[in-house]
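Chemist: Following this line is protein_37.cif, made up of mmCIF, N, CA and C atoms:
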```cif
data_model
loop_
_atom_site.label_atom_id
_atom_site.label_comp_id
_atom_site.auth_asym_id
_atom_site.auth_seq_id
_atom_site.Cartn_x
_atom_site.Cartn_y
_atom_site.Cartn_z
N PHE A 1425 57.73 -227.63 56.72
CA PHE A 1425 56.54 -227.04 57.28
C PHE A 1425 55.26 -227.58 56.64
N ASP A 1426 55.40 -228.64 55.89
CA ASP A 1426 54.22 -229.24 55.28
C ASP A 1426 53.22 -229.70 56.33
N ASP A 1427 53.73 -230.23 57.46
CA ASP A 1427 52.83 -230.68 58.52
C ASP A 1427 52.02 -229.53 59.08
N ILE A 1428 52.63 -228.35 59.14
CA ILE A 1428 51.92 -227.18 59.66
C ILE A 1428 50.77 -226.83 58.73
N LYS A 1429 50.98 -226.89 57.44
CA LYS A 1429 49.91 -226.60 56.48
C LYS A 1429 48.80 -227.64 56.58
N LEU A 1430 49.16 -228.88 56.86
CA LEU A 1430 48.17 -229.93 57.00
C LEU A 1430 47.32 -229.77 58.25
N SER A 1431 47.82 -229.00 59.24
CA SER A 1431 47.10 -228.84 60.50
C SER A 1431 45.69 -228.30 60.29
N GLU A 1432 45.55 -227.36 59.41
CA GLU A 1432 44.23 -226.79 59.16
C GLU A 1432 43.37 -227.74 58.33
N LYS A 1433 43.97 -228.38 57.36
CA LYS A 1433 43.22 -229.30 56.51
C LYS A 1433 42.65 -230.46 57.32
N TYR A 1434 43.45 -230.99 58.25
CA TYR A 1434 43.03 -232.17 59.02
C TYR A 1434 42.71 -231.85 60.47
N ASP A 1435 42.63 -230.59 60.82
CA ASP A 1435 42.27 -230.16 62.17
C ASP A 1435 43.27 -230.64 63.23
N PHE A 1436 44.58 -230.57 62.92
CA PHE A 1436 45.64 -230.93 63.85
C PHE A 1436 45.90 -229.78 64.82
N TYR A 1437 46.34 -230.15 66.01
CA TYR A 1437 46.89 -229.21 66.99
C TYR A 1437 48.29 -229.69 67.32
N PHE A 1438 49.13 -228.79 67.80
CA PHE A 1438 50.51 -229.11 68.13
C PHE A 1438 50.75 -228.85 69.61
N GLY A 1439 51.07 -229.91 70.36
CA GLY A 1439 51.37 -229.78 71.78
C GLY A 1439 52.84 -229.48 71.98
N ILE A 1440 53.11 -228.40 72.68
CA ILE A 1440 54.48 -227.97 72.95
C ILE A 1440 54.77 -228.19 74.43
N GLY A 1441 55.85 -228.91 74.69
CA GLY A 1441 56.21 -229.23 76.07
C GLY A 1441 57.51 -228.59 76.50
N GLY A 1442 58.06 -229.11 77.58
CA GLY A 1442 59.25 -228.55 78.20
C GLY A 1442 60.49 -228.51 77.32
N VAL A 1443 60.54 -229.34 76.30
CA VAL A 1443 61.70 -229.35 75.40
C VAL A 1443 61.93 -227.97 74.78
N ILE A 1444 60.88 -227.20 74.60
CA ILE A 1444 61.03 -225.88 73.99
C ILE A 1444 61.94 -224.97 74.82
N THR A 1445 62.14 -225.28 76.08
CA THR A 1445 63.00 -224.45 76.95
C THR A 1445 64.46 -224.90 76.92
N TYR A 1446 64.77 -225.97 76.22
CA TYR A 1446 66.13 -226.50 76.17
C TYR A 1446 67.00 -225.70 75.20
N ASN A 1447 68.29 -225.88 75.33
CA ASN A 1447 69.25 -225.29 74.39
C ASN A 1447 69.24 -226.09 73.09
N ASN A 1448 69.64 -225.45 72.02
CA ASN A 1448 69.82 -226.10 70.72
C ASN A 1448 68.55 -226.76 70.18
N VAL A 1449 67.44 -226.04 70.25
CA VAL A 1449 66.17 -226.54 69.69
C VAL A 1449 65.67 -225.56 68.62
N GLU A 1450 66.59 -225.18 67.74
CA GLU A 1450 66.28 -224.17 66.73
C GLU A 1450 65.13 -224.59 65.82
N LYS A 1451 65.10 -225.85 65.41
CA LYS A 1451 64.03 -226.30 64.51
C LYS A 1451 62.68 -226.26 65.21
N LEU A 1452 62.65 -226.67 66.47
CA LEU A 1452 61.40 -226.61 67.22
C LEU A 1452 60.97 -225.16 67.43
N THR A 1453 61.92 -224.30 67.75
CA THR A 1453 61.63 -222.88 67.93
C THR A 1453 61.04 -222.29 66.65
N GLU A 1454 61.63 -222.62 65.52
CA GLU A 1454 61.12 -222.14 64.23
C GLU A 1454 59.72 -222.67 63.97
N SER A 1455 59.46 -223.91 64.33
CA SER A 1455 58.12 -224.47 64.17
C SER A 1455 57.11 -223.72 65.02
N VAL A 1456 57.47 -223.46 66.28
CA VAL A 1456 56.55 -222.74 67.17
C VAL A 1456 56.28 -221.34 66.63
N ARG A 1457 57.26 -220.74 66.03
CA ARG A 1457 57.10 -219.41 65.43
C ARG A 1457 56.12 -219.46 64.25
N ASN A 1458 56.08 -220.60 63.53
CA ASN A 1458 55.30 -220.69 62.29
C ASN A 1458 53.98 -221.44 62.40
N ILE A 1459 53.78 -222.19 63.44
CA ILE A 1459 52.51 -222.90 63.61
C ILE A 1459 51.41 -221.85 63.76
N PRO A 1460 50.28 -222.01 63.08
CA PRO A 1460 49.18 -221.06 63.29
C PRO A 1460 48.84 -220.98 64.78
N ILE A 1461 48.69 -219.78 65.28
CA ILE A 1461 48.54 -219.57 66.71
C ILE A 1461 47.32 -220.28 67.28
N ASP A 1462 46.31 -220.49 66.45
CA ASP A 1462 45.11 -221.18 66.94
C ASP A 1462 45.28 -222.70 66.92
N ARG A 1463 46.49 -223.19 66.61
CA ARG A 1463 46.77 -224.62 66.60
C ARG A 1463 47.79 -225.02 67.67
N LEU A 1464 48.19 -224.09 68.51
CA LEU A 1464 49.17 -224.36 69.56
C LEU A 1464 48.48 -224.79 70.85
N LEU A 1465 49.08 -225.78 71.51
CA LEU A 1465 48.67 -226.22 72.84
C LEU A 1465 49.93 -226.43 73.66
N THR A 1466 49.77 -226.54 74.96
CA THR A 1466 50.89 -226.94 75.82
C THR A 1466 50.64 -228.36 76.30
N GLU A 1467 51.73 -229.03 76.66
CA GLU A 1467 51.62 -230.36 77.23
C GLU A 1467 52.78 -230.56 78.20
N THR A 1468 52.63 -231.53 79.10
CA THR A 1468 53.68 -231.73 80.10
C THR A 1468 54.70 -232.78 79.72
N ASP A 1469 54.32 -233.81 79.00
CA ASP A 1469 55.17 -234.99 78.78
C ASP A 1469 55.56 -235.62 80.12
N ALA A 1470 54.79 -235.32 81.16
CA ALA A 1470 55.09 -235.80 82.51
C ALA A 1470 55.12 -237.32 82.55
N PRO A 1471 56.04 -237.83 83.33
CA PRO A 1471 56.95 -237.16 84.26
C PRO A 1471 58.29 -236.80 83.65
N PHE A 1472 58.39 -236.82 82.32
CA PHE A 1472 59.66 -236.59 81.65
C PHE A 1472 59.73 -235.21 81.00
N LEU A 1473 60.88 -234.87 80.45
CA LEU A 1473 61.12 -233.65 79.67
C LEU A 1473 60.69 -232.38 80.41
N THR A 1474 61.13 -232.28 81.63
CA THR A 1474 60.84 -231.13 82.49
C THR A 1474 61.47 -229.87 81.93
N PRO A 1475 60.73 -228.74 81.93
CA PRO A 1475 61.34 -227.48 81.47
C PRO A 1475 62.62 -227.16 82.24
N LYS A 1476 63.53 -226.52 81.56
CA LYS A 1476 64.88 -226.29 82.07
C LYS A 1476 64.93 -225.64 83.46
N GLU A 1477 64.35 -224.49 83.63
CA GLU A 1477 64.44 -223.78 84.92
C GLU A 1477 63.67 -224.50 86.02
N TYR A 1478 62.55 -225.10 85.69
CA TYR A 1478 61.77 -225.86 86.67
C TYR A 1478 62.61 -227.03 87.19
N ARG A 1479 63.26 -227.73 86.27
CA ARG A 1479 64.11 -228.86 86.63
C ARG A 1479 65.27 -228.39 87.52
N LYS A 1480 65.83 -227.25 87.19
CA LYS A 1480 66.99 -226.74 87.93
C LYS A 1480 66.60 -226.24 89.33
N ASN A 1481 65.43 -225.59 89.45
CA ASN A 1481 65.07 -224.91 90.70
C ASN A 1481 64.01 -225.60 91.55
N ILE A 1482 63.20 -226.47 90.96
CA ILE A 1482 62.06 -227.00 91.71
C ILE A 1482 62.07 -228.52 91.77
N SER A 1483 61.99 -229.17 90.62
CA SER A 1483 61.90 -230.62 90.61
C SER A 1483 62.35 -231.17 89.26
N LYS A 1484 62.98 -232.34 89.31
CA LYS A 1484 63.36 -233.01 88.07
C LYS A 1484 62.18 -233.76 87.48
N ILE A 1485 61.13 -233.96 88.26
CA ILE A 1485 59.93 -234.66 87.80
C ILE A 1485 58.96 -233.64 87.23
N ASN A 1486 58.58 -233.82 85.99
CA ASN A 1486 57.69 -232.88 85.32
C ASN A 1486 56.26 -233.05 85.82
N SER A 1487 55.52 -231.96 85.82
CA SER A 1487 54.12 -231.97 86.23
C SER A 1487 53.44 -230.75 85.60
N PRO A 1488 52.12 -230.67 85.67
CA PRO A 1488 51.42 -229.50 85.13
C PRO A 1488 51.88 -228.17 85.77
N ALA A 1489 52.44 -228.24 86.96
CA ALA A 1489 52.94 -227.02 87.61
C ALA A 1489 54.05 -226.36 86.82
N ALA A 1490 54.70 -227.09 85.92
CA ALA A 1490 55.80 -226.55 85.13
C ALA A 1490 55.32 -225.85 83.86
N LEU A 1491 54.04 -225.95 83.52
CA LEU A 1491 53.55 -225.38 82.27
C LEU A 1491 53.75 -223.86 82.14
N PRO A 1492 53.69 -223.07 83.21
CA PRO A 1492 53.94 -221.64 83.03
C PRO A 1492 55.28 -221.33 82.37
N GLU A 1493 56.29 -222.16 82.61
CA GLU A 1493 57.58 -221.94 81.95
C GLU A 1493 57.47 -222.18 80.44
N VAL A 1494 56.69 -223.16 80.05
CA VAL A 1494 56.47 -223.45 78.63
C VAL A 1494 55.70 -222.30 77.99
N VAL A 1495 54.66 -221.84 78.66
CA VAL A 1495 53.87 -220.72 78.14
C VAL A 1495 54.76 -219.48 77.98
N LYS A 1496 55.59 -219.22 78.97
CA LYS A 1496 56.50 -218.08 78.90
C LYS A 1496 57.44 -218.17 77.70
N LYS A 1497 57.96 -219.36 77.44
CA LYS A 1497 58.88 -219.54 76.31
C LYS A 1497 58.15 -219.39 74.98
N ILE A 1498 56.95 -219.93 74.88
CA ILE A 1498 56.17 -219.77 73.64
C ILE A 1498 55.88 -218.30 73.40
N ALA A 1499 55.51 -217.58 74.45
CA ALA A 1499 55.24 -216.14 74.33
C ALA A 1499 56.49 -215.39 73.87
N GLU A 1500 57.62 -215.76 74.42
CA GLU A 1500 58.90 -215.14 74.02
C GLU A 1500 59.17 -215.39 72.53
N ILE A 1501 59.00 -216.63 72.10
CA ILE A 1501 59.24 -216.97 70.70
C ILE A 1501 58.29 -216.20 69.78
N ARG A 1502 57.04 -216.07 70.20
CA ARG A 1502 56.03 -215.40 69.37
C ARG A 1502 56.01 -213.89 69.59
N ASN A 1503 56.89 -213.40 70.48
CA ASN A 1503 57.00 -211.97 70.77
C ASN A 1503 55.66 -211.39 71.23
N MET A 1504 55.09 -212.03 72.24
CA MET A 1504 53.79 -211.63 72.79
C MET A 1504 53.87 -211.56 74.31
N PRO A 1505 52.98 -210.81 74.93
CA PRO A 1505 52.90 -210.83 76.39
C PRO A 1505 52.47 -212.24 76.87
N VAL A 1506 53.04 -212.68 77.97
CA VAL A 1506 52.75 -214.00 78.52
C VAL A 1506 51.25 -214.16 78.79
N GLU A 1507 50.63 -213.15 79.35
CA GLU A 1507 49.21 -213.24 79.69
C GLU A 1507 48.36 -213.45 78.44
N GLU A 1508 48.69 -212.77 77.37
CA GLU A 1508 47.95 -212.92 76.12
C GLU A 1508 48.15 -214.32 75.55
N MET A 1509 49.38 -214.82 75.60
CA MET A 1509 49.65 -216.16 75.10
C MET A 1509 48.92 -217.20 75.94
N ALA A 1510 48.92 -217.03 77.25
CA ALA A 1510 48.22 -217.97 78.13
C ALA A 1510 46.73 -218.02 77.78
N LYS A 1511 46.15 -216.88 77.52
CA LYS A 1511 44.73 -216.83 77.16
C LYS A 1511 44.48 -217.55 75.83
N ILE A 1512 45.33 -217.34 74.86
CA ILE A 1512 45.19 -218.00 73.56
C ILE A 1512 45.31 -219.52 73.72
N LEU A 1513 46.31 -219.96 74.46
CA LEU A 1513 46.50 -221.40 74.66
C LEU A 1513 45.32 -222.02 75.40
N TYR A 1514 44.81 -221.31 76.38
CA TYR A 1514 43.64 -221.80 77.11
C TYR A 1514 42.44 -221.92 76.17
N ASN A 1515 42.21 -220.90 75.38
CA ASN A 1515 41.09 -220.93 74.43
C ASN A 1515 41.25 -222.05 73.41
N ASN A 1516 42.47 -222.30 72.95
CA ASN A 1516 42.72 -223.39 72.01
C ASN A 1516 42.36 -224.73 72.65
N ALA A 1517 42.79 -224.95 73.87
CA ALA A 1517 42.49 -226.21 74.57
C ALA A 1517 40.99 -226.34 74.80
N GLU A 1518 40.37 -225.27 75.19
CA GLU A 1518 38.92 -225.29 75.41
C GLU A 1518 38.18 -225.64 74.12
N ARG A 1519 38.60 -225.05 73.01
CA ARG A 1519 37.97 -225.33 71.72
C ARG A 1519 38.18 -226.79 71.33
N LEU A 1520 39.39 -227.32 71.53
CA LEU A 1520 39.68 -228.69 71.16
C LEU A 1520 38.91 -229.68 72.02
N PHE A 1521 38.93 -229.49 73.33
CA PHE A 1521 38.40 -230.50 74.23
C PHE A 1521 36.92 -230.33 74.59
N PHE A 1522 36.37 -229.13 74.41
CA PHE A 1522 35.00 -228.91 74.87
C PHE A 1522 34.03 -228.43 73.81
N SER A 1523 34.47 -228.26 72.58
CA SER A 1523 33.52 -227.82 71.57
C SER A 1523 32.80 -229.04 70.98
N LYS A 1524 31.55 -228.85 70.74
CA LYS A 1524 30.65 -229.89 70.21
C LYS A 1524 30.92 -231.18 70.87
#
```
What does this structure look like when you write it as structure tokens?

Modeler:
Amino acid sequence: FDDIKLSEKYDFYFGIGGVITYNNVEKLTESVRNIPIDRLLTETDAPFLTPKEYRKNISKINSPAALPEVVKKIAEIRNMPVEEMAKILYNNAERLFFSK
């Protein structure tokens, strides 16, 4: 978790994509649980690494439309309501991309 501690020192953010919805990702899950909440972002990795249920039910090609599944999984890991997590992630992206 040294990289997580460095995130604040060097102003790092962590993009979490569809892989978080896969089986056997305990280390990634633990990282998402421990990353400071104001350093989390979502990403698509499009057109690859499509979230599990999206790939199964909608499309094997990843796109931004699959991000709600990633947000839902992050909220589950962090034991938070999905709507609250979505707002936090949005605010993090806004701060990163649009501040100063």

Chemist: Would you kindly return, as a list of chain:residue names, each protein, DNA or RNA residue with an atom no farther than 12 Å from any atom of range 1504-1511 of chain A, considering only C-alpha atoms and excluding same-chain residues fewer than 4 positions away?

Modeler: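 Answer for this query is A:Arg1457, A:Ile1461, A:Asp1462, A:Leu1464, A:Leu1465, A:Thr1466, A:Leu1491, A:Pro1492, A:Glu1493, A:Val1494, A:Val1495, A:Lys1496, A:Lys1497, A:Ile1498, A:Ala1499, A:Glu1500, A:Asn1515, A:Asn1516, A:Ala1517, A:Glu1518.
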
Chemist: Could you write out the selected residues, including N, CA and C atoms, as a PDB file, in the frame of the given file?

Modeler:
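Final file, selection01.pdb:
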```
ATOM      1  N   ARG A1457      57.260-220.740  66.030  1.00  0.00           N
ATOM      2  CA  ARG A1457      57.100-219.410  65.430  1.00  0.00           C
ATOM      3  C   ARG A1457      56.120-219.460  64.250  1.00  0.00           C
ATOM      4  N   ILE A1461      48.690-219.780  65.280  1.00  0.00           N
ATOM      5  CA  ILE A1461      48.540-219.570  66.710  1.00  0.00           C
ATOM      6  C   ILE A1461      47.320-220.280  67.280  1.00  0.00           C
ATOM      7  N   ASP A1462      46.310-220.490  66.450  1.00  0.00           N
ATOM      8  CA  ASP A1462      45.110-221.180  66.940  1.00  0.00           C
ATOM      9  C   ASP A1462      45.280-222.700  66.920  1.00  0.00           C
ATOM     10  N   LEU A1464      48.190-224.090  68.510  1.00  0.00           N
ATOM     11  CA  LEU A1464      49.170-224.360  69.560  1.00  0.00           C
ATOM     12  C   LEU A1464      48.480-224.790  70.850  1.00  0.00           C
ATOM     13  N   LEU A1465      49.080-225.780  71.510  1.00  0.00           N
ATOM     14  CA  LEU A1465      48.670-226.220  72.840  1.00  0.00           C
ATOM     15  C   LEU A1465      49.930-226.430  73.660  1.00  0.00           C
ATOM     16  N   THR A1466      49.770-226.540  74.960  1.00  0.00           N
ATOM     17  CA  THR A1466      50.890-226.940  75.820  1.00  0.00           C
ATOM     18  C   THR A1466      50.640-228.360  76.300  1.00  0.00           C
ATOM     19  N   LEU A1491      54.040-225.950  83.520  1.00  0.00           N
ATOM     20  CA  LEU A1491      53.550-225.380  82.270  1.00  0.00           C
ATOM     21  C   LEU A1491      53.750-223.860  82.140  1.00  0.00           C
ATOM     22  N   PRO A1492      53.690-223.070  83.210  1.00  0.00           N
ATOM     23  CA  PRO A1492      53.940-221.640  83.030  1.00  0.00           C
ATOM     24  C   PRO A1492      55.280-221.330  82.370  1.00  0.00           C
ATOM     25  N   GLU A1493      56.290-222.160  82.610  1.00  0.00           N
ATOM     26  CA  GLU A1493      57.580-221.940  81.950  1.00  0.00           C
ATOM     27  C   GLU A1493      57.470-222.180  80.440  1.00  0.00           C
ATOM     28  N   VAL A1494      56.690-223.160  80.050  1.00  0.00           N
ATOM     29  CA  VAL A1494      56.470-223.450  78.630  1.00  0.00           C
ATOM     30  C   VAL A1494      55.700-222.300  77.990  1.00  0.00           C
ATOM     31  N   VAL A1495      54.660-221.840  78.660  1.00  0.00           N
ATOM     32  CA  VAL A1495      53.870-220.720  78.140  1.00  0.00           C
ATOM     33  C   VAL A1495      54.760-219.480  77.980  1.00  0.00           C
ATOM     34  N   LYS A1496      55.590-219.220  78.970  1.00  0.00           N
ATOM     35  CA  LYS A1496      56.500-218.080  78.900  1.00  0.00           C
ATOM     36  C   LYS A1496      57.440-218.170  77.700  1.00  0.00           C
ATOM     37  N   LYS A1497      57.960-219.360  77.440  1.00  0.00           N
ATOM     38  CA  LYS A1497      58.880-219.540  76.310  1.00  0.00           C
ATOM     39  C   LYS A1497      58.150-219.390  74.980  1.00  0.00           C
ATOM     40  N   ILE A1498      56.950-219.930  74.880  1.00  0.00           N
ATOM     41  CA  ILE A1498      56.170-219.770  73.640  1.00  0.00           C
ATOM     42  C   ILE A1498      55.880-218.300  73.400  1.00  0.00           C
ATOM     43  N   ALA A1499      55.510-217.580  74.450  1.00  0.00           N
ATOM     44  CA  ALA A1499      55.240-216.140  74.330  1.00  0.00           C
ATOM     45  C   ALA A1499      56.490-215.390  73.870  1.00  0.00           C
ATOM     46  N   GLU A1500      57.620-215.760  74.420  1.00  0.00           N
ATOM     47  CA  GLU A1500      58.900-215.140  74.020  1.00  0.00           C
ATOM     48  C   GLU A1500      59.170-215.390  72.530  1.00  0.00           C
ATOM     49  N   ASN A1515      42.210-220.900  75.380  1.00  0.00           N
ATOM     50  CA  ASN A1515      41.090-220.930  74.430  1.00  0.00           C
ATOM     51  C   ASN A1515      41.250-222.050  73.410  1.00  0.00           C
ATOM     52  N   ASN A1516      42.470-222.300  72.950  1.00  0.00           N
ATOM     53  CA  ASN A1516      42.720-223.390  72.010  1.00  0.00           C
ATOM     54  C   ASN A1516      42.360-224.730  72.650  1.00  0.00           C
ATOM     55  N   ALA A1517      42.790-224.950  73.870  1.00  0.00           N
ATOM     56  CA  ALA A1517      42.490-226.210  74.570  1.00  0.00           C
ATOM     57  C   ALA A1517      40.990-226.340  74.800  1.00  0.00           C
ATOM     58  N   GLU A1518      40.370-225.270  75.190  1.00  0.00           N
ATOM     59  CA  GLU A1518      38.920-225.290  75.410  1.00  0.00           C
ATOM     60  C   GLU A1518      38.180-225.640  74.120  1.00  0.00           C
TER      61      GLU A1518
END
```

Chemist: Could you tell me which residues the PyMOL selection byres (((chain A and resi 1455 and name CA) around 12) and name CA) grabs in this file, written as a list in words?

Modeler: Phe1425, Asp1426, Asp1427, Ile1428, Lys1429, Phe1438, Gly1439, Ile1440, Ile1444, Val1449, Glu1450, Lys1451, Leu1452, Thr1453, Glu1454, Val1456, Arg1457, Asn1458, Ile1459, Pro1460, Ile1461, Arg1463, Leu1464, Ile1498, Ile1501 and Arg1502 of chain A

Chemist: With N, CA and C atoms retained, write the just-selected residues as a tab-separated table (two decimals), in the coordinates of the input.

Modeler:
```tsv
chain	number	residue	atom	x	y	z
A	1425	PHE	N	57.73	-227.63	56.72
A	1425	PHE	CA	56.54	-227.04	57.28
A	1425	PHE	C	55.26	-227.58	56.64
A	1426	ASP	N	55.40	-228.64	55.89
A	1426	ASP	CA	54.22	-229.24	55.28
A	1426	ASP	C	53.22	-229.70	56.33
A	1427	ASP	N	53.73	-230.23	57.46
A	1427	ASP	CA	52.83	-230.68	58.52
A	1427	ASP	C	52.02	-229.53	59.08
A	1428	ILE	N	52.63	-228.35	59.14
A	1428	ILE	CA	51.92	-227.18	59.66
A	1428	ILE	C	50.77	-226.83	58.73
A	1429	LYS	N	50.98	-226.89	57.44
A	1429	LYS	CA	49.91	-226.60	56.48
A	1429	LYS	C	48.80	-227.64	56.58
A	1438	PHE	N	49.13	-228.79	67.80
A	1438	PHE	CA	50.51	-229.11	68.13
A	1438	PHE	C	50.75	-228.85	69.61
A	1439	GLY	N	51.07	-229.91	70.36
A	1439	GLY	CA	51.37	-229.78	71.78
A	1439	GLY	C	52.84	-229.48	71.98
A	1440	ILE	N	53.11	-228.40	72.68
A	1440	ILE	CA	54.48	-227.97	72.95
A	1440	ILE	C	54.77	-228.19	74.43
A	1444	ILE	N	60.88	-227.20	74.60
A	1444	ILE	CA	61.03	-225.88	73.99
A	1444	ILE	C	61.94	-224.97	74.82
A	1449	VAL	N	67.44	-226.04	70.25
A	1449	VAL	CA	66.17	-226.54	69.69
A	1449	VAL	C	65.67	-225.56	68.62
A	1450	GLU	N	66.59	-225.18	67.74
A	1450	GLU	CA	66.28	-224.17	66.73
A	1450	GLU	C	65.13	-224.59	65.82
A	1451	LYS	N	65.10	-225.85	65.41
A	1451	LYS	CA	64.03	-226.30	64.51
A	1451	LYS	C	62.68	-226.26	65.21
A	1452	LEU	N	62.65	-226.67	66.47
A	1452	LEU	CA	61.40	-226.61	67.22
A	1452	LEU	C	60.97	-225.16	67.43
A	1453	THR	N	61.92	-224.30	67.75
A	1453	THR	CA	61.63	-222.88	67.93
A	1453	THR	C	61.04	-222.29	66.65
A	1454	GLU	N	61.63	-222.62	65.52
A	1454	GLU	CA	61.12	-222.14	64.23
A	1454	GLU	C	59.72	-222.67	63.97
A	1456	VAL	N	57.47	-223.46	66.28
A	1456	VAL	CA	56.55	-222.74	67.17
A	1456	VAL	C	56.28	-221.34	66.63
A	1457	ARG	N	57.26	-220.74	66.03
A	1457	ARG	CA	57.10	-219.41	65.43
A	1457	ARG	C	56.12	-219.46	64.25
A	1458	ASN	N	56.08	-220.60	63.53
A	1458	ASN	CA	55.30	-220.69	62.29
A	1458	ASN	C	53.98	-221.44	62.40
A	1459	ILE	N	53.78	-222.19	63.44
A	1459	ILE	CA	52.51	-222.90	63.61
A	1459	ILE	C	51.41	-221.85	63.76
A	1460	PRO	N	50.28	-222.01	63.08
A	1460	PRO	CA	49.18	-221.06	63.29
A	1460	PRO	C	48.84	-220.98	64.78
A	1461	ILE	N	48.69	-219.78	65.28
A	1461	ILE	CA	48.54	-219.57	66.71
A	1461	ILE	C	47.32	-220.28	67.28
A	1463	ARG	N	46.49	-223.19	66.61
A	1463	ARG	CA	46.77	-224.62	66.60
A	1463	ARG	C	47.79	-225.02	67.67
A	1464	LEU	N	48.19	-224.09	68.51
A	1464	LEU	CA	49.17	-224.36	69.56
A	1464	LEU	C	48.48	-224.79	70.85
A	1498	ILE	N	56.95	-219.93	74.88
A	1498	ILE	CA	56.17	-219.77	73.64
A	1498	ILE	C	55.88	-218.30	73.40
A	1501	ILE	N	59.00	-216.63	72.10
A	1501	ILE	CA	59.24	-216.97	70.70
A	1501	ILE	C	58.29	-216.20	69.78
A	1502	ARG	N	57.04	-216.07	70.20
A	1502	ARG	CA	56.03	-215.40	69.37
A	1502	ARG	C	56.01	-213.89	69.59
```

Chemist: Among the residues of chain A, find those DSSP assigns to strand (DSSP E) from the backbone and print them as a list in words.

Modeler: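 Assigned to strand (DSSP E), within chain A: Phe1438, Gly1439, Ile1440, Leu1464, Leu1465 and Thr1466 of chain A.
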
Chemist: Can you measure CA of Ile1485 in chain A to CA of Leu1473 in chain A for me? One decimal in Å is fine.

Modeler: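 We find that CA of Ile1485 in chain A and CA of Leu1473 in chain A lie 8.3 Å from each other.
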
Chemist: Which polymer residues, protein or nucleic acid, are no farther than 7 Å from (61.7, -230.4, 79.0), counting all atoms listed in the file, as a ChimeraX atom specification?

Modeler: /A:1441-1446,1472-1476

Chemist: Atom N of Ile1512 in chain A and atom C of Asn1481 in chain A, how far apart in Å?

Modeler: 26.4 Å

Chemist: I need the alpha helix (DSSP H) residues of chain A per DSSP on the backbone, written as a PyMOL selection string.

Modeler: chain A and resi 1426-1434+1450-1458+1476-1481+1491-1502+1506-1522

Chemist: Can you measure CA of Lys1480 in chain A to CA of Asn1448 in chain A for me? One decimal in Å is fine.

Modeler: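 So the answer is 17.5 Å.
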